[in-house]
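What follows is the content of work.cif, which has mmCIF, C-alpha atoms:
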data_final
#
loop_
_atom_site.label_atom_id
_atom_site.label_comp_id
_atom_site.auth_asym_id
_atom_site.auth_seq_id
_atom_site.Cartn_x
_atom_site.Cartn_y
_atom_site.Cartn_z
CA MET A 1 -53.13 -4.11 19.90
CA ASN A 2 -51.18 -3.67 16.70
CA ARG A 3 -48.87 -0.71 17.16
CA ARG A 4 -49.75 0.80 13.82
CA MET A 5 -53.51 0.84 13.69
CA PHE A 6 -56.69 1.76 15.54
CA ILE A 7 -60.17 2.20 14.00
CA SER A 8 -63.21 3.53 15.80
CA GLY A 9 -66.77 4.55 14.92
CA ALA A 10 -70.43 3.85 15.58
CA CYS A 11 -70.14 0.22 14.52
CA LEU A 12 -66.42 -0.43 14.89
CA SER A 13 -64.85 0.26 18.27
CA ALA A 14 -61.92 -2.12 18.67
CA ALA A 15 -58.47 -2.44 17.18
CA GLY A 16 -57.73 -4.92 14.45
CA ALA A 17 -54.77 -6.36 12.63
CA TRP A 18 -52.99 -4.40 9.93
CA LEU A 19 -55.27 -3.86 6.92
CA GLY A 20 -53.70 -4.24 3.52
CA ARG A 21 -55.09 -2.29 0.59
CA ALA A 22 -57.53 -5.05 -0.43
CA ALA A 23 -58.97 -5.16 3.09
CA TRP A 24 -60.06 -1.52 2.97
CA ASP A 25 -63.19 -2.57 1.07
CA SER A 26 -64.41 -4.25 4.26
CA VAL A 27 -64.22 -1.09 6.42
CA PRO A 28 -67.86 -0.21 7.16
CA ALA A 29 -69.36 3.12 6.20
CA ALA A 30 -70.01 3.91 9.86
CA ALA A 31 -66.29 3.92 10.65
CA SER A 32 -65.24 7.49 11.30
CA GLU A 33 -61.69 7.44 12.59
CA ILE A 34 -58.46 5.59 12.00
CA SER A 35 -54.96 6.03 13.39
CA PHE A 36 -51.58 4.47 12.74
CA LEU A 37 -49.04 4.62 15.54
CA PRO A 38 -45.51 4.57 14.11
CA PRO A 39 -43.02 2.01 15.39
CA ALA A 40 -40.16 3.00 17.67
CA ALA A 41 -38.20 -0.19 18.04
CA THR A 42 -34.49 0.29 17.42
CA VAL A 43 -32.47 -1.51 20.07
CA ILE A 44 -29.50 -2.61 17.92
CA PRO A 45 -26.20 -1.00 18.99
CA VAL A 46 -24.85 1.38 16.36
CA VAL A 47 -21.37 1.01 14.89
CA GLY A 48 -19.82 4.47 14.91
CA ASP A 49 -17.39 5.57 12.23
CA GLY A 50 -16.12 8.59 14.18
CA LYS A 51 -17.40 11.00 11.52
CA TRP A 52 -21.07 10.62 10.68
CA THR A 53 -21.70 8.86 14.00
CA TRP A 54 -19.42 9.72 16.91
CA THR A 55 -17.56 6.98 18.73
CA ALA A 56 -16.50 9.53 21.39
CA PRO A 57 -17.31 13.17 22.09
CA PRO A 58 -15.02 15.87 20.67
CA ARG A 59 -12.02 16.89 22.75
CA GLU A 60 -12.49 20.66 22.66
CA ALA A 61 -15.56 21.71 20.67
CA ARG A 62 -18.74 22.60 22.55
CA GLY A 63 -22.26 23.42 21.41
CA TYR A 64 -24.40 22.37 18.45
CA LEU A 65 -21.82 20.93 16.11
CA GLU A 66 -21.24 19.69 12.57
CA PRO A 67 -24.50 21.02 11.06
CA ARG A 68 -25.87 19.14 8.06
CA ARG A 69 -28.65 20.26 5.75
CA TYR A 70 -31.54 17.97 4.79
CA THR A 71 -34.66 18.22 2.69
CA LEU A 72 -37.79 16.50 3.94
CA SER A 73 -41.18 15.96 2.33
CA VAL A 74 -44.10 14.88 4.55
CA GLY A 75 -47.55 14.27 3.19
CA ILE A 76 -51.04 12.79 3.36
CA GLU A 77 -52.98 11.30 0.45
CA LEU A 78 -56.63 10.26 0.66
CA GLN A 79 -58.29 8.02 -1.94
CA GLY A 80 -62.08 8.05 -2.06
CA LEU A 81 -63.84 4.71 -1.57
CA GLY A 82 -67.30 6.24 -1.45
CA GLU A 83 -68.90 9.51 -0.43
CA SER A 84 -66.89 11.15 2.35
CA ALA A 85 -67.29 14.51 4.06
CA ASP A 86 -65.70 16.69 6.74
CA MET A 87 -62.28 15.08 6.41
CA ILE A 88 -59.47 16.01 8.75
CA SER A 89 -56.15 14.18 8.86
CA MET A 90 -52.86 14.70 10.68
CA THR A 91 -49.31 13.36 10.50
CA PRO A 92 -46.25 14.33 12.58
CA VAL A 93 -43.75 16.83 11.20
CA PRO A 94 -40.42 18.12 12.59
CA ILE A 95 -40.28 20.56 15.47
CA GLU A 96 -37.99 23.53 15.89
CA CYS A 97 -35.40 22.94 18.63
CA PRO A 98 -31.80 24.03 19.21
CA GLU A 99 -30.33 21.04 17.39
CA GLN A 100 -32.86 21.24 14.56
CA GLN A 101 -33.48 24.46 12.66
CA ILE A 102 -36.36 24.68 10.20
CA GLU A 103 -35.09 26.97 7.45
CA LYS A 104 -38.05 26.77 5.07
CA VAL A 105 -41.48 25.15 4.69
CA GLU A 106 -43.51 25.10 1.47
CA PHE A 107 -46.89 23.49 0.84
CA GLU A 108 -48.25 21.59 -2.13
CA THR A 109 -51.98 20.77 -2.14
CA ASP A 110 -54.47 19.14 -4.48
CA GLY A 111 -58.16 19.26 -3.57
CA CYS A 112 -57.64 20.17 0.09
CA SER A 113 -56.19 22.71 2.52
CA ALA A 114 -53.03 22.19 4.58
CA ARG A 115 -51.21 23.87 7.43
CA ILE A 116 -48.75 23.13 10.24
CA VAL A 117 -50.48 22.94 13.63
CA PRO A 118 -48.67 22.87 17.02
CA ILE A 119 -50.19 20.12 19.17
CA ALA A 120 -48.18 20.96 22.29
CA PRO A 121 -44.73 22.30 23.11
CA GLY A 122 -42.53 19.82 21.28
CA SER A 123 -45.09 18.41 18.81
CA ASN A 124 -46.31 19.67 15.42
CA VAL A 125 -48.47 18.06 12.74
CA LEU A 126 -49.31 18.59 9.10
CA GLU A 127 -53.10 18.99 9.05
CA LEU A 128 -55.13 18.23 5.91
CA THR A 129 -58.79 19.29 5.70
CA ALA A 130 -61.31 18.82 2.89
CA PRO A 131 -65.13 19.16 2.76
CA THR A 132 -65.97 16.26 0.41
CA LEU A 133 -64.45 13.34 -1.49
CA SER A 134 -66.20 10.97 -3.90
CA ALA A 135 -65.41 7.39 -4.86
CA GLY A 136 -62.31 7.30 -7.04
CA GLY A 137 -61.29 10.82 -6.08
CA LEU A 138 -57.84 11.68 -4.75
CA ILE A 139 -56.70 14.55 -2.55
CA LYS A 140 -53.18 15.20 -1.34
CA ALA A 141 -51.18 17.60 0.82
CA THR A 142 -47.39 17.74 1.11
CA ALA A 143 -45.13 19.93 3.25
CA HIS A 144 -41.59 20.40 1.94
CA PHE A 145 -39.01 21.29 4.61
CA THR A 146 -35.41 22.44 4.50
CA LEU A 147 -33.72 21.57 7.80
CA LEU A 148 -30.36 22.10 9.46
CA LEU A 149 -29.54 19.29 11.91
CA SER A 150 -26.65 19.29 14.39
CA LYS A 151 -25.01 17.00 16.89
CA GLN A 152 -24.76 18.41 20.41
CA TYR A 153 -22.07 18.28 23.06
CA PHE A 154 -21.72 20.63 26.04
CA ALA A 155 -19.47 18.53 28.32
CA TYR A 156 -22.05 18.58 31.11
CA THR A 157 -20.85 17.54 34.56
CA ALA A 158 -22.59 17.26 37.92
CA ASP A 159 -20.65 20.27 39.22
CA GLN A 160 -22.53 22.60 36.86
CA PHE A 161 -25.82 21.92 38.64
CA PRO A 162 -26.80 22.51 42.28
CA ALA A 163 -28.19 19.59 44.23
CA GLN A 164 -31.26 21.62 45.18
CA GLN A 165 -33.11 22.45 41.98
CA MET A 166 -35.38 25.48 41.54
CA LEU A 167 -37.55 24.27 38.66
CA PRO A 168 -39.73 26.52 36.49
CA THR A 169 -43.46 26.09 37.05
CA ASP A 170 -44.20 24.94 33.50
CA VAL A 171 -41.49 22.28 33.67
CA ARG A 172 -42.82 20.92 36.98
CA ARG A 173 -46.35 20.90 35.62
CA ASN A 174 -45.58 19.16 32.31
CA TYR A 175 -42.73 16.73 33.00
CA LEU A 176 -43.18 15.21 36.46
CA GLN A 177 -46.48 13.36 36.08
CA ASP A 178 -47.83 10.18 34.54
CA SER A 179 -48.09 9.85 30.77
CA PRO A 180 -49.89 7.20 28.70
CA GLY A 181 -47.85 4.06 29.26
CA ILE A 182 -45.32 5.86 31.49
CA GLN A 183 -46.68 5.19 34.99
CA THR A 184 -44.51 7.45 37.12
CA SER A 185 -46.72 7.15 40.21
CA SER A 186 -47.01 3.35 40.11
CA LYS A 187 -45.68 1.32 43.02
CA PRO A 188 -43.10 -0.64 40.94
CA VAL A 189 -41.57 2.61 39.69
CA ARG A 190 -41.56 4.26 43.12
CA ASP A 191 -40.10 1.19 44.80
CA LEU A 192 -37.33 0.79 42.22
CA ALA A 193 -36.45 4.49 42.33
CA ALA A 194 -36.17 4.31 46.12
CA GLU A 195 -34.04 1.17 45.94
CA LEU A 196 -31.64 2.61 43.36
CA THR A 197 -31.15 5.87 45.25
CA ARG A 198 -30.98 4.47 48.79
CA ASP A 199 -27.17 4.68 48.99
CA VAL A 200 -26.64 7.25 46.21
CA ASP A 201 -25.83 10.93 46.49
CA ASN A 202 -29.00 12.99 46.29
CA HIS A 203 -27.60 15.10 43.45
CA PRO A 204 -30.02 14.88 40.47
CA TRP A 205 -27.22 14.30 37.92
CA VAL A 206 -25.89 11.36 39.94
CA ARG A 207 -29.36 9.89 40.33
CA ALA A 208 -30.18 10.29 36.63
CA GLU A 209 -26.93 8.61 35.65
CA LYS A 210 -27.67 5.75 38.06
CA PHE A 211 -31.10 5.24 36.44
CA TRP A 212 -29.54 5.36 32.95
CA GLN A 213 -26.99 2.71 33.87
CA TRP A 214 -29.65 0.48 35.44
CA VAL A 215 -31.91 0.60 32.37
CA ARG A 216 -29.08 -0.24 29.99
CA ARG A 217 -27.97 -3.18 32.15
CA ASN A 218 -31.33 -4.61 33.18
CA ILE A 219 -33.90 -4.05 30.41
CA GLN A 220 -33.11 -6.62 27.75
CA PRO A 221 -33.73 -5.69 24.09
CA LEU A 222 -36.97 -7.04 22.67
CA THR A 223 -38.48 -5.52 19.56
CA GLY A 224 -42.25 -5.42 19.42
CA PRO A 225 -45.41 -3.41 20.13
CA TYR A 226 -45.11 -0.95 22.98
CA THR A 227 -46.25 -2.36 26.31
CA SER A 228 -45.75 0.05 29.24
CA VAL A 229 -43.20 1.01 31.84
CA THR A 230 -44.74 -1.29 34.46
CA THR A 231 -44.74 -4.23 32.04
CA ALA A 232 -41.12 -3.56 31.10
CA LEU A 233 -40.16 -3.55 34.77
CA ASP A 234 -42.06 -6.80 35.36
CA THR A 235 -40.61 -8.65 32.35
CA ARG A 236 -37.25 -6.83 32.15
CA ARG A 237 -37.84 -6.63 28.39
CA GLY A 238 -38.50 -3.81 25.96
CA ASP A 239 -37.36 -1.86 22.94
CA CYS A 240 -36.01 1.69 22.85
CA GLU A 241 -39.37 3.22 23.77
CA GLU A 242 -39.80 1.07 26.89
CA MET A 243 -36.16 1.71 27.88
CA ALA A 244 -36.58 5.46 27.55
CA GLY A 245 -39.93 5.28 29.33
CA VAL A 246 -38.45 3.44 32.32
CA PHE A 247 -35.68 6.03 32.63
CA ILE A 248 -38.22 8.87 32.37
CA ALA A 249 -40.49 7.35 35.02
CA LEU A 250 -37.62 6.78 37.46
CA CYS A 251 -36.39 10.36 37.03
CA ARG A 252 -39.85 11.79 37.57
CA ALA A 253 -40.35 9.61 40.64
CA VAL A 254 -37.50 11.44 42.41
CA GLY A 255 -38.45 14.90 41.13
CA ILE A 256 -36.23 15.12 38.03
CA PRO A 257 -38.25 16.35 35.03
CA ALA A 258 -37.83 14.10 32.00
CA ARG A 259 -39.43 13.57 28.61
CA LEU A 260 -39.44 11.31 25.56
CA VAL A 261 -37.62 12.28 22.36
CA TRP A 262 -39.05 10.63 19.26
CA VAL A 263 -37.17 10.32 15.96
CA PRO A 264 -37.93 7.96 13.03
CA ASN A 265 -37.96 4.36 14.32
CA HIS A 266 -36.29 5.32 17.59
CA ALA A 267 -36.70 7.06 20.94
CA TRP A 268 -34.54 8.25 23.79
CA ALA A 269 -34.98 10.53 26.80
CA GLU A 270 -34.01 13.98 28.03
CA PHE A 271 -33.90 15.10 31.66
CA TYR A 272 -34.00 18.69 32.87
CA LEU A 273 -31.60 20.45 35.24
CA VAL A 274 -31.06 24.09 36.15
CA ASP A 275 -27.42 25.21 36.34
CA ARG A 276 -25.81 27.51 38.88
CA ASP A 277 -26.57 30.52 36.65
CA LYS A 278 -30.27 29.59 36.79
CA GLN A 279 -30.32 28.45 33.14
CA GLY A 280 -32.32 25.33 32.31
CA HIS A 281 -30.92 22.48 30.20
CA TRP A 282 -32.59 19.48 28.56
CA ILE A 283 -29.88 16.80 28.68
CA PRO A 284 -29.96 13.73 26.38
CA ALA A 285 -29.84 10.22 27.81
CA HIS A 286 -29.71 7.51 25.14
CA THR A 287 -30.98 4.37 26.84
CA ALA A 288 -30.81 2.13 23.75
CA CYS A 289 -28.85 1.89 20.52
CA TYR A 290 -26.35 4.67 21.27
CA PRO A 291 -24.13 4.62 24.42
CA TRP A 292 -24.39 8.37 25.04
CA PHE A 293 -25.25 10.12 28.31
CA GLY A 294 -25.37 13.92 28.22
CA TYR A 295 -24.85 14.38 24.47
CA THR A 296 -26.04 13.31 21.03
CA GLY A 297 -23.48 12.25 18.44
CA ALA A 298 -25.63 11.68 15.34
CA HIS A 299 -27.86 13.75 13.10
CA GLU A 300 -31.42 12.66 13.88
CA LEU A 301 -34.73 14.03 12.60
CA VAL A 302 -36.62 15.13 15.73
CA LEU A 303 -40.36 14.57 15.36
CA GLN A 304 -41.45 15.10 18.96
CA LYS A 305 -40.25 16.02 22.42
CA GLY A 306 -42.66 15.14 25.21
CA ASP A 307 -45.02 12.26 25.89
CA ARG A 308 -48.33 13.68 27.07
CA LEU A 309 -50.11 15.36 24.18
CA VAL A 310 -53.70 16.48 23.74
CA ALA A 311 -54.43 16.45 20.02
CA PRO A 312 -56.99 19.02 18.81
CA VAL A 313 -60.48 17.69 17.96
CA ARG A 314 -59.57 14.36 19.62
CA LEU A 315 -59.61 15.37 23.29
CA LYS A 316 -57.46 12.50 24.50
CA HIS A 317 -53.97 12.16 25.86
CA LEU A 318 -51.37 10.60 23.56
CA ARG A 319 -47.84 9.47 24.29
CA LEU A 320 -46.81 9.84 20.67
CA MET A 321 -48.56 11.68 17.88
CA ASP A 322 -49.82 9.21 15.32
CA ASP A 323 -50.97 9.30 11.71
CA TRP A 324 -54.70 10.00 11.99
CA LEU A 325 -57.81 10.46 9.85
CA ARG A 326 -61.43 11.24 10.65
CA ALA A 327 -64.35 11.60 8.22
CA THR A 328 -68.11 11.17 8.01
CA GLY A 329 -69.58 8.76 5.50
CA ARG A 330 -67.25 6.32 3.80
CA LEU A 331 -63.75 6.49 5.28
CA PRO A 332 -61.16 7.22 2.55
CA ARG A 333 -58.06 5.09 2.18
CA PRO A 334 -55.15 7.15 3.62
CA ARG A 335 -51.50 7.08 2.68
CA PHE A 336 -49.05 8.83 5.00
CA PHE A 337 -45.64 9.34 3.41
CA ALA A 338 -42.31 11.06 4.01
CA GLU A 339 -38.80 11.12 2.59
CA LEU A 340 -35.63 12.59 4.09
CA THR A 341 -32.57 13.39 1.95
CA SER A 342 -29.20 14.82 2.99
CA VAL A 343 -27.71 17.78 1.10
CA ALA A 344 -23.98 18.43 0.66
CA ASN A 345 -22.71 21.49 2.54
CA GLU A 346 -20.83 22.65 -0.54
CA PRO A 347 -21.28 22.02 -4.30
CA GLY A 348 -19.85 18.64 -5.23
CA GLY A 349 -19.32 17.70 -1.58
CA ASP A 350 -20.28 14.51 0.21
CA ALA A 351 -23.89 14.73 1.38
CA GLY A 352 -23.33 11.80 3.73
CA PRO A 353 -25.67 8.98 4.76
CA GLY A 354 -29.06 9.32 6.41
CA ALA A 355 -31.59 9.31 3.55
CA ARG A 356 -34.80 7.53 4.60
CA ARG A 357 -38.30 6.90 3.32
CA LYS A 358 -41.42 6.29 5.40
CA THR A 359 -43.30 3.16 4.37
CA GLU A 360 -47.05 2.59 4.52
CA ARG A 361 -46.51 0.83 7.85
CA GLY A 362 -44.90 3.96 9.26
CA GLU A 363 -41.35 2.58 9.30
CA TRP A 364 -38.53 4.76 8.00
CA LYS A 365 -36.30 2.65 5.76
CA PRO A 366 -32.76 3.71 4.79
CA LEU A 367 -32.49 4.32 1.06
CA GLY A 368 -28.96 2.93 0.84
CA LEU A 369 -27.69 5.84 -1.24
CA HIS A 370 -24.36 6.24 0.57
CA PRO A 371 -21.53 3.72 1.19
CA ASP A 372 -21.36 4.69 4.87
CA GLU A 373 -25.02 3.77 5.41
CA LYS A 374 -23.74 0.71 7.30
CA TYR A 375 -22.68 2.95 10.16
CA GLN A 376 -26.15 4.41 10.60
CA ARG A 377 -28.97 3.32 12.86
CA PRO A 378 -31.25 0.87 10.97
#

Starting from the coordinates I provided, produce the structure as structure tokens.
Amino acid sequence: MNRRMFISGACLSAAGAWLGRAAWDSVPAAASEISFLPPAATVIPVVGDGKWTWTAPPREARGYLEPRRYTLSVGIELQGLGESADMISMTPVPIECPEQQIEKVEFETDGCSARIVPIAPGSNVLELTAPTLSAGGLIKATAHFTLLLSKQYFAYTADQFPAQQMLPTDVRRNYLQDSPGIQTSSKPVRDLAAELTRDVDNHPWVRAEKFWQWVRRNIQPLTGPYTSVTTALDTRRGDCEEMAGVFIALCRAVGIPARLVWVPNHAWAEFYLVDRDKQGHWIPAHTACYPWFGYTGAHELVLQKGDRLVAPVRLKHLRLMDDWLRATGRLPRPRFFAELTSVANEPGGDAGPGARRKTERGEWKPLGLHPDEKYQRP
């Protein structure tokens, strides 16, 4: 199935190829739902410049470091192709997390209502609703964010964490089970986890690092539609999402909570450990693109943490929140858009690279506004 599109309804129940604008005229009136799953396919190693993208962690600094301010606009536009009613549409928006502070959100609407809705811990959407839309009509909702993004480095070591972990109930419940496409309980995952830990210290940090090293050495980069963890293990191929998924499944198989982290065009993993002071930590493990274990040395827009969502009104489990529209009558033509821009920390200062725009296919393309854009993840 094409990674970006799924249509369903009374007369249309299977996925199809990408529909260009001209092809929308062929969507039948009975179609009631359409979704576009964004790509997460970066597997190209990043060239660090030591400033905007770290080549090594800092020597002394600890914490959430080098904060940079960004503005972000995320929106949904619906164009009427006929008589539509009861429209509801959703698109992912940033979450609040320690390395990403949401300083301000403002809404702009035309012919509809809009709000931010939490889907699950670690996932929010912009929700557009409208009662009716006629042929030729246009409705639009935009959320304008001001964000403060930071790199993170805490110099984690195995000694900080006891070998026997006392995990919180909610963490055990949410981050040790199967997810769509992440088959933790499958035999290939269980067998590989047992093989990799047979002669390894039972400390969870040591085991997680072993899994991280194995994924980076054994899953060969291959950009394309997401398959699954079991397929990636069978073929030894995958992009960043498969690589992160394999790491997550292996961790969960030995009782280490883990989850997916989704940013524009990319994904990595976090695993969870409780330190000797009984404080929990979500620890980054970059299985593709960046060579970082235990820290994050770039400013990334975090769209989701977690990989087992139940979206409201849809009543189905999702690995990643997609761009989605449902309506009765004639399905409108949707456009899901976003643009991220960096802001200088002081007047006249260097705002740095990182500006991106989301295309109609859901890809975030660098705008090329800064000479150091070459150091950034494509």

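Considering all atoms listed in the file, the residue among A:Ser134, A:Ser185, A:Thr53, A:Thr42 positioned nearest to Arg333 of chain A is A:Ser134.
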
Find the nearest atom pair between each residue of segment 271-339 of chain A and segment 61-72 of chain A for residues within 10 Å, count only C-alpha atoms, give distances in Å to one decimal, sort rows by chain and ascending number, and present the table as CSV.
residue,atom,partner,partner_atom,distance
A:Tyr295,CA,A:Gly63,CA,9.9
A:Thr296,CA,A:Tyr64,CA,9.6
A:Gly297,CA,A:Leu65,CA,9.1
A:Ala298,CA,A:Glu66,CA,9.5
A:His299,CA,A:Arg68,CA,7.6
A:Leu301,CA,A:Tyr70,CA,9.3
A:Ala338,CA,A:Leu72,CA,7.1
A:Glu339,CA,A:Leu72,CA,5.6

The PyMOL selection byres ((chain A and resi 242) around 7) - which residues does that actually catch in the file I just gave you? List them as a list in words.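 Residues picked by the PyMOL selection byres ((chain A and resi 242) around 7): Tyr226, Ser228, Val229, Ala232, Gly238, Asp239, Cys240, Glu241, Met243, Ala244, Gly245 and Val246 of chain A.
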
Output file for the selection above: C-alpha atoms, as a PDB file, in the coordinates of the input:
ATOM      1  CA  TYR A 226     -45.110  -0.950  22.980  1.00  0.00           C
ATOM      2  CA  SER A 228     -45.750   0.050  29.240  1.00  0.00           C
ATOM      3  CA  VAL A 229     -43.200   1.010  31.840  1.00  0.00           C
ATOM      4  CA  ALA A 232     -41.120  -3.560  31.100  1.00  0.00           C
ATOM      5  CA  GLY A 238     -38.500  -3.810  25.960  1.00  0.00           C
ATOM      6  CA  ASP A 239     -37.360  -1.860  22.940  1.00  0.00           C
ATOM      7  CA  CYS A 240     -36.010   1.690  22.850  1.00  0.00           C
ATOM      8  CA  GLU A 241     -39.370   3.220  23.770  1.00  0.00           C
ATOM      9  CA  MET A 243     -36.160   1.710  27.880  1.00  0.00           C
ATOM     10  CA  ALA A 244     -36.580   5.460  27.550  1.00  0.00           C
ATOM     11  CA  GLY A 245     -39.930   5.280  29.330  1.00  0.00           C
ATOM     12  CA  VAL A 246     -38.450   3.440  32.320  1.00  0.00           C
TER      13      VAL A 246
END

Taking the file above as input, evaluate the PyMOL selection byres ((chain A and resi 167) around 9) and report the hits as an mmCIF file with C-alpha atoms, in the coordinates of the input.
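What follows is the written file out26.cif:
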data_model
loop_
_atom_site.group_PDB
_atom_site.id
_atom_site.type_symbol
_atom_site.label_atom_id
_atom_site.label_comp_id
_atom_site.auth_asym_id
_atom_site.auth_seq_id
_atom_site.Cartn_x
_atom_site.Cartn_y
_atom_site.Cartn_z
ATOM 1 C CA GLN A 165 -33.110 22.450 41.980
ATOM 2 C CA MET A 166 -35.380 25.480 41.540
ATOM 3 C CA PRO A 168 -39.730 26.520 36.490
ATOM 4 C CA THR A 169 -43.460 26.090 37.050
ATOM 5 C CA ASP A 170 -44.200 24.940 33.500
ATOM 6 C CA VAL A 171 -41.490 22.280 33.670
ATOM 7 C CA ARG A 172 -42.820 20.920 36.980
ATOM 8 C CA PRO A 257 -38.250 16.350 35.030
ATOM 9 C CA TYR A 272 -34.000 18.690 32.870
ATOM 10 C CA LEU A 273 -31.600 20.450 35.240
ATOM 11 C CA VAL A 274 -31.060 24.090 36.150
ATOM 12 C CA GLY A 280 -32.320 25.330 32.310
#

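When atom CA of Val215 of chain A is paired with atom CA of Ala158 of chain A, their separation reads 19.9 Å.
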